[in-house]
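Shown next: start.txt, containing compact mmCIF, C-alpha atoms.
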```txt
# COMPACT_ATOMS: atom_id res chain seq x y z
CA MET A 170 0.00 0.00 0.00
CA LYS A 171 1.31 3.44 -0.93
CA LYS A 172 2.03 6.04 1.74
CA ILE A 173 0.73 9.48 0.82
CA LEU A 174 1.32 12.72 2.73
CA VAL A 175 -1.65 15.10 2.61
CA ILE A 176 -1.05 18.78 3.33
CA GLN A 177 -4.20 20.54 4.53
CA SER A 178 -5.07 24.24 4.83
CA ARG A 179 -8.29 24.02 6.85
CA GLN A 180 -8.80 26.03 10.03
CA THR A 181 -11.53 24.08 11.83
CA PRO A 182 -11.32 20.50 13.11
CA GLU A 183 -14.70 19.79 11.47
CA ARG A 184 -13.51 20.76 7.99
CA GLN A 185 -10.19 18.99 8.49
CA ALA A 186 -12.00 15.79 9.43
CA ALA A 187 -14.44 16.04 6.52
CA GLU A 188 -11.60 16.52 4.05
CA ARG A 189 -9.69 13.60 5.51
CA ALA A 190 -12.73 11.35 5.19
CA ALA A 191 -13.23 12.43 1.57
CA TYR A 192 -9.63 11.59 0.67
CA GLU A 193 -9.79 8.24 2.45
CA CYS A 194 -12.91 7.34 0.48
CA ALA A 195 -11.44 8.55 -2.82
CA ALA A 196 -8.29 6.46 -2.35
CA GLN A 197 -10.34 3.25 -2.62
CA GLY A 198 -8.09 1.48 -0.13
CA LYS A 199 -4.98 2.02 -2.25
CA ALA A 200 -3.07 4.29 0.16
CA GLU A 201 -2.30 5.04 3.78
CA PHE A 202 -2.59 8.78 4.42
CA THR A 203 -0.75 10.99 6.88
CA PHE A 204 -2.16 14.50 7.34
CA ILE A 205 -0.29 17.66 8.29
CA SER A 206 -1.43 21.29 8.28
CA THR A 207 0.11 24.36 6.65
CA LEU A 208 -1.02 26.19 9.81
CA ASP A 209 1.34 24.14 11.97
CA VAL A 210 4.26 26.52 12.57
CA GLU A 211 6.12 23.80 14.47
CA GLN A 212 6.43 21.70 11.32
CA SER A 213 9.95 21.63 9.80
CA TRP A 214 8.99 23.55 6.65
CA ASP A 215 12.62 24.60 6.12
CA ASN A 216 13.60 20.92 5.77
CA PRO A 217 11.34 19.52 3.04
CA ALA A 218 13.38 16.33 2.77
CA ASP A 219 12.44 15.55 6.37
CA ILE A 220 8.78 16.23 5.71
CA VAL A 221 8.44 13.91 2.71
CA ARG A 222 10.86 11.15 3.74
CA GLY A 223 9.18 7.76 3.60
CA TYR A 224 6.23 8.84 1.45
CA ASP A 225 5.41 7.70 -2.08
CA GLY A 226 3.59 10.91 -2.95
CA VAL A 227 2.24 14.21 -1.68
CA LEU A 228 -1.22 15.72 -2.01
CA ILE A 229 -1.72 19.47 -1.40
CA GLY A 230 -5.39 20.09 -0.72
CA GLY A 231 -7.91 22.88 -1.01
CA SER A 232 -9.14 25.58 1.34
CA SER A 233 -12.16 27.82 1.72
CA ASP A 234 -10.38 29.67 4.54
CA PHE A 235 -7.69 31.45 2.51
CA PHE A 236 -7.56 33.33 -0.79
CA LEU A 237 -4.49 34.46 -2.67
CA HIS A 238 -6.73 37.22 -4.04
CA GLY A 239 -10.42 36.45 -3.53
CA GLY A 240 -11.56 39.88 -4.69
CA LYS A 241 -10.62 41.18 -1.25
CA ASP A 242 -8.50 44.12 -0.07
CA GLU A 243 -4.75 43.60 0.20
CA ASP A 244 -4.85 43.66 4.00
CA ASP A 245 -7.76 41.22 4.31
CA ALA A 246 -7.05 38.44 6.83
CA THR A 247 -7.79 35.64 4.36
CA ARG A 248 -5.24 37.09 1.90
CA ALA A 249 -2.65 37.63 4.63
CA GLY A 250 -3.16 34.05 5.79
CA ALA A 251 -2.76 32.76 2.23
CA ARG A 252 0.52 34.64 1.85
CA GLU A 253 1.78 33.09 5.07
CA VAL A 254 0.83 29.63 3.81
CA LEU A 255 2.52 30.33 0.47
CA ASP A 256 5.74 31.43 2.15
CA ARG A 257 5.63 28.40 4.44
CA VAL A 258 5.27 25.80 1.67
CA ARG A 259 7.33 27.46 -1.08
CA GLY A 260 10.51 25.53 -0.31
CA LEU A 261 8.61 22.27 -0.04
CA VAL A 262 6.89 22.74 -3.41
CA GLU A 263 10.19 23.59 -5.08
CA TYR A 264 11.73 20.48 -3.53
CA LEU A 265 8.87 18.26 -4.72
CA ILE A 266 9.29 19.37 -8.33
CA GLU A 267 13.08 19.33 -8.28
CA ARG A 268 13.22 15.82 -6.80
CA GLN A 269 10.31 14.56 -8.95
CA VAL A 270 8.26 13.52 -5.94
CA PRO A 271 4.78 12.47 -7.16
CA THR A 272 2.56 15.41 -6.26
CA LEU A 273 -1.11 16.28 -6.72
CA GLY A 274 -2.36 19.82 -6.02
CA ILE A 275 -6.10 20.34 -5.63
CA CYS A 276 -7.90 23.72 -5.87
CA PHE A 277 -5.95 25.92 -3.39
CA GLY A 278 -3.04 23.50 -3.89
CA HIS A 279 -3.33 24.01 -7.67
CA GLN A 280 -3.13 27.76 -7.11
CA LEU A 281 -0.26 27.61 -4.61
CA ILE A 282 1.91 25.57 -6.96
CA ALA A 283 1.19 27.95 -9.84
CA GLU A 284 2.18 30.93 -7.67
CA VAL A 285 5.41 29.27 -6.53
CA PHE A 286 6.52 28.79 -10.14
CA GLY A 287 5.68 32.27 -11.39
CA GLY A 288 2.10 31.88 -12.60
CA ALA A 289 -0.69 34.34 -11.86
CA VAL A 290 -3.64 33.66 -9.56
CA THR A 291 -6.40 36.27 -9.37
CA HIS A 292 -10.08 36.66 -8.58
CA ASP A 293 -11.39 36.13 -12.10
CA HIS A 294 -15.17 36.67 -12.20
CA ALA A 295 -15.42 34.72 -15.47
CA GLN A 296 -13.98 31.62 -13.79
CA LYS A 297 -15.33 31.89 -10.21
CA LYS A 298 -17.90 29.14 -9.71
CA ALA A 299 -19.40 26.39 -7.61
CA GLY A 300 -21.14 23.19 -8.56
CA THR A 301 -20.69 20.59 -11.27
CA HIS A 302 -19.03 21.64 -14.52
CA GLU A 303 -17.72 19.86 -17.60
CA VAL A 304 -13.97 19.43 -18.01
CA THR A 305 -12.48 18.74 -21.45
CA LEU A 306 -9.01 17.32 -22.03
CA THR A 307 -6.66 19.24 -24.28
CA GLU A 308 -4.62 17.52 -26.95
CA ALA A 309 -1.85 17.05 -24.37
CA GLY A 310 -4.36 15.70 -21.86
CA LEU A 311 -5.66 13.10 -24.29
CA THR A 312 -2.23 11.43 -24.33
CA ASP A 313 -1.26 12.08 -20.72
CA PRO A 314 -0.61 8.88 -18.73
CA TYR A 315 -2.57 10.16 -15.74
CA LEU A 316 -5.66 11.74 -17.33
CA ALA A 317 -6.06 10.03 -20.71
CA HIS A 318 -8.00 7.13 -19.16
CA SER A 319 -10.73 9.57 -18.09
CA GLY A 320 -12.06 10.03 -21.62
CA PRO A 321 -12.22 13.28 -23.61
CA SER A 322 -14.49 15.04 -21.10
CA PHE A 323 -16.10 14.49 -17.72
CA ALA A 324 -18.01 16.30 -14.97
CA ALA A 325 -16.16 17.63 -11.92
CA GLN A 326 -17.01 19.44 -8.69
CA TYR A 327 -15.86 23.04 -8.30
CA ALA A 328 -15.90 25.61 -5.50
CA HIS A 329 -13.45 28.47 -5.96
CA ARG A 330 -13.16 32.25 -6.09
CA ASP A 331 -9.57 32.50 -7.35
CA SER A 332 -8.25 30.98 -10.58
CA VAL A 333 -4.98 30.53 -12.36
CA THR A 334 -5.09 33.23 -15.05
CA MET A 335 -1.57 32.68 -16.35
CA PRO A 336 0.06 29.26 -15.92
CA PRO A 337 3.77 29.08 -15.12
CA LEU A 338 6.25 28.87 -17.97
CA GLY A 339 6.98 25.22 -18.70
CA SER A 340 3.72 23.85 -17.30
CA VAL A 341 1.40 21.93 -19.63
CA THR A 342 -2.36 22.54 -19.71
CA LEU A 343 -4.12 19.16 -19.70
CA ALA A 344 -7.75 20.15 -19.26
CA GLU A 345 -9.99 23.18 -19.62
CA GLY A 346 -13.65 24.11 -19.47
CA ALA A 347 -16.12 26.77 -20.50
CA ALA A 348 -15.54 28.51 -17.17
CA CYS A 349 -12.09 27.13 -16.33
CA ARG A 350 -9.19 27.98 -18.63
CA PHE A 351 -6.67 25.86 -16.73
CA ALA A 352 -8.57 22.99 -15.12
CA ALA A 353 -5.52 20.71 -14.95
CA LEU A 354 -1.80 21.43 -15.26
CA ARG A 355 1.28 19.21 -15.34
CA TYR A 356 4.76 20.15 -14.16
CA GLY A 357 7.38 17.74 -15.44
CA ASP A 358 6.36 14.09 -15.25
CA HIS A 359 5.39 13.72 -11.59
CA CYS A 360 3.39 16.79 -10.56
CA TYR A 361 -0.25 17.38 -11.49
CA THR A 362 -2.63 20.07 -10.30
CA LEU A 363 -6.42 20.28 -10.58
CA GLN A 364 -8.62 23.32 -10.06
CA PHE A 365 -11.57 21.03 -9.33
CA HIS A 366 -12.14 18.69 -6.38
CA PRO A 367 -11.89 14.99 -7.35
CA GLU A 368 -12.44 13.97 -3.73
CA LEU A 369 -15.89 15.56 -3.49
CA HIS A 370 -19.26 14.00 -4.31
CA ALA A 371 -22.49 15.94 -4.68
CA GLU A 372 -23.48 15.29 -1.08
CA ASP A 373 -20.14 16.62 0.16
CA LEU A 374 -20.73 20.02 -1.44
CA LEU A 375 -24.33 20.13 -0.26
CA ALA A 376 -23.23 19.42 3.33
CA TYR A 377 -21.67 22.90 3.68
CA PRO A 378 -24.19 25.41 2.30
CA GLU A 379 -22.59 28.33 4.19
CA ALA A 380 -19.21 27.71 2.55
CA LEU A 381 -20.73 26.98 -0.85
CA ALA A 382 -22.62 30.30 -0.74
CA LEU A 383 -19.26 32.08 -1.20
CA TYR A 384 -19.02 30.72 -4.72
CA LEU A 385 -22.56 30.32 -6.04
CA PRO A 386 -23.85 32.52 -8.87
CA GLU A 387 -26.33 35.13 -7.70
CA GLY A 388 -29.84 33.76 -7.45
CA LYS A 389 -28.76 30.11 -7.72
CA ARG A 390 -29.39 27.39 -5.18
CA ALA A 391 -26.82 24.65 -4.61
CA GLU A 392 -29.24 21.91 -5.66
CA GLU A 393 -29.57 23.53 -9.09
CA VAL A 394 -25.88 23.36 -9.96
CA ILE A 395 -24.61 20.13 -8.36
CA GLY A 396 -24.64 16.65 -9.87
CA GLU A 397 -22.67 13.41 -9.66
CA THR A 398 -19.06 13.17 -10.90
CA PRO A 399 -17.98 9.50 -11.06
CA VAL A 400 -15.06 9.95 -13.46
CA ALA A 401 -13.51 12.82 -11.52
CA ASN A 402 -14.04 10.90 -8.27
CA ALA A 403 -11.70 8.17 -9.56
CA LEU A 404 -8.75 10.54 -10.07
CA ILE A 405 -7.19 10.30 -6.61
CA ALA A 406 -7.01 6.51 -6.84
CA ALA A 407 -5.65 6.96 -10.37
CA PHE A 408 -2.95 9.31 -9.03
CA ILE A 409 -1.91 6.66 -6.51
CA ASP A 410 -1.77 3.97 -9.22
CA ARG A 411 -0.42 5.84 -12.25
CA VAL A 412 1.79 8.56 -10.77
CA ALA A 413 2.86 7.52 -7.28
CA GLY A 414 2.88 3.86 -8.31
CA LEU A 415 5.03 4.24 -11.41
CA ALA A 416 7.48 6.58 -9.68
CA ALA A 417 8.22 4.13 -6.88
```

Let me see whether you can do it: turn the structure in this file into structure tokens.
Amino acid sequence: MKKILVIQSRQTPERQAAERAAYECAAQGKAEFTFISTLDVEQSWDNPADIVRGYDGVLIGGSSDFFLHGGKDEDDATRAGAREVLDRVRGLVEYLIERQVPTLGICFGHQLIAEVFGGAVTHDHAQKKAGTHEVTLTEAGLTDPYLAHSGPSFAAQYAHRDSVTMPPLGSVTLAEGAACRFAALRYGDHCYTLQFHPELHAEDLLAYPEALALYLPEGKRAEEVIGETPVANALIAAFIDRVAGLAA
């Protein structure tokens, strides 16, 4: 069984536990997870080799608690917190790419990795969304060893205010959508990032209406924009098999 380190950026024990349960379910019994938090200042962030030693892969998860932009003022607490998280994990992300450690960034993790490598993340009204949306593989995605098995398009769960508006130089865009220009990116051969949430099912989004309200279009109810996403829900197990497994 693979050992996967999951890096969380959730402030409340309830949301941490819910995210952990979602990842455990999505892994389909293929991995043993260890969870650490970007809010843990006692963690040895300056020694990334120590953090990842013994793990077959790393997953950097999402957050509804922090925004790199979020359409908020520069001194907003959620932006300040996101900058602290970014500074804390920068060395680790650089290490993961340099050492070709199998890595999967999800939503906030997707944005953090893009920021570390010189991309742009902003509050793009055209891409802000919540609910179930179609993802289409690009030409590169159709031949990618991780995503090609998913078919040319599939439905995925979204909940985000910020978006990657300019991907880093050297990254490869693997998937896009009508309201998501960079739904999936690849860095080298071992790092993938997804703007959507492969760990979430419809009921998971519906369980947190107060958080989902941050992202919903005006006048829309959650039940109107959320459906099932079976293909996307298989992507964490696929990461364990096809990326972490092959790199071992």

Show me, as CSV, the residues of range 259-340 of chain A having an atom within 8 Å of range 238-243 of chain A, each with the closest atom pair and its distance in Å, using all atoms listed in the file.
```
residue,atom,partner,partner_atom,distance
A:Val290,CA,A:His238,CA,7.3
A:Thr291,CA,A:His238,CA,5.4
A:His292,CA,A:Gly239,CA,5.1
A:Arg330,CA,A:Gly239,CA,5.6
A:Asp331,CA,A:Gly239,CA,5.6
```

Mind pulling up the distance from CA of Ser332 in chain A to CA of Leu306 in chain A?
-> 17.8 Å

Excluding same-chain residues fewer than 6 positions from Ala324 in chain A, what lies within 9 Å of it counting all atoms listed in the file, as a list in words?
-> Thr301, His302, Glu303, Val304, Thr305, Gly396, Glu397, Thr398, Pro399, Val400 and Ala401 of chain A

Length of the CA of Gly226 in chain A to CA of Tyr356 in chain A vector [Å] | 14.6 Å

Find the residues near Glu345 in chain A: any atom within 9 Å, counting all atoms listed in the file, skip ones fewer than 2 places away on the same chain, and give them as number ranges by chain.
-> A: 303-307, 342-343, 347-353

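Between CA of Gly198 in chain A and CA of Leu265 in chain A the separation is 24.3 Å.
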
With all atoms listed in the file as the basis for distance, which of A:Arg355, A:His366, A:Arg184, A:Arg179 is at the shortest distance from Pro271 in chain A?
-> A:Arg355

With all atoms listed in the file as the counted atoms, please give the residues lying no more than 10 Å from Glu372 in chain A, apart from itself and same-chain residues fewer than 2 positions off, as a PDB file with C-alpha atoms, keeping the file's coordinate frame.
```
ATOM      1  CA  LEU A 369     -15.890  15.560  -3.490  1.00  0.00           C
ATOM      2  CA  HIS A 370     -19.260  14.000  -4.310  1.00  0.00           C
ATOM      3  CA  LEU A 374     -20.730  20.020  -1.440  1.00  0.00           C
ATOM      4  CA  LEU A 375     -24.330  20.130  -0.260  1.00  0.00           C
ATOM      5  CA  ALA A 376     -23.230  19.420   3.330  1.00  0.00           C
ATOM      6  CA  TYR A 377     -21.670  22.900   3.680  1.00  0.00           C
ATOM      7  CA  GLU A 392     -29.240  21.910  -5.660  1.00  0.00           C
ATOM      8  CA  ILE A 395     -24.610  20.130  -8.360  1.00  0.00           C
ATOM      9  CA  GLY A 396     -24.640  16.650  -9.870  1.00  0.00           C
ATOM     10  CA  GLU A 397     -22.670  13.410  -9.660  1.00  0.00           C
TER      11      GLU A 397
END
```

Fewer than 6 positions away in the same chain doesn't count, so skip those; otherwise give me all residues within 7 Å of Gly278 in chain A, counting only C-alpha atoms, as a list in words.
-> Ile229, Gly230 and Gly231 of chain A

For Ser233 in chain A, list every protein, DNA or RNA residue within 10 Å, evaluated using all atoms listed in the file, and leave out those in the same chain fewer than 4 positions away; present the list as a PyMOL selection string.
-> chain A and resi 178-180+184+247+276-277+328-330+380-381+383-384
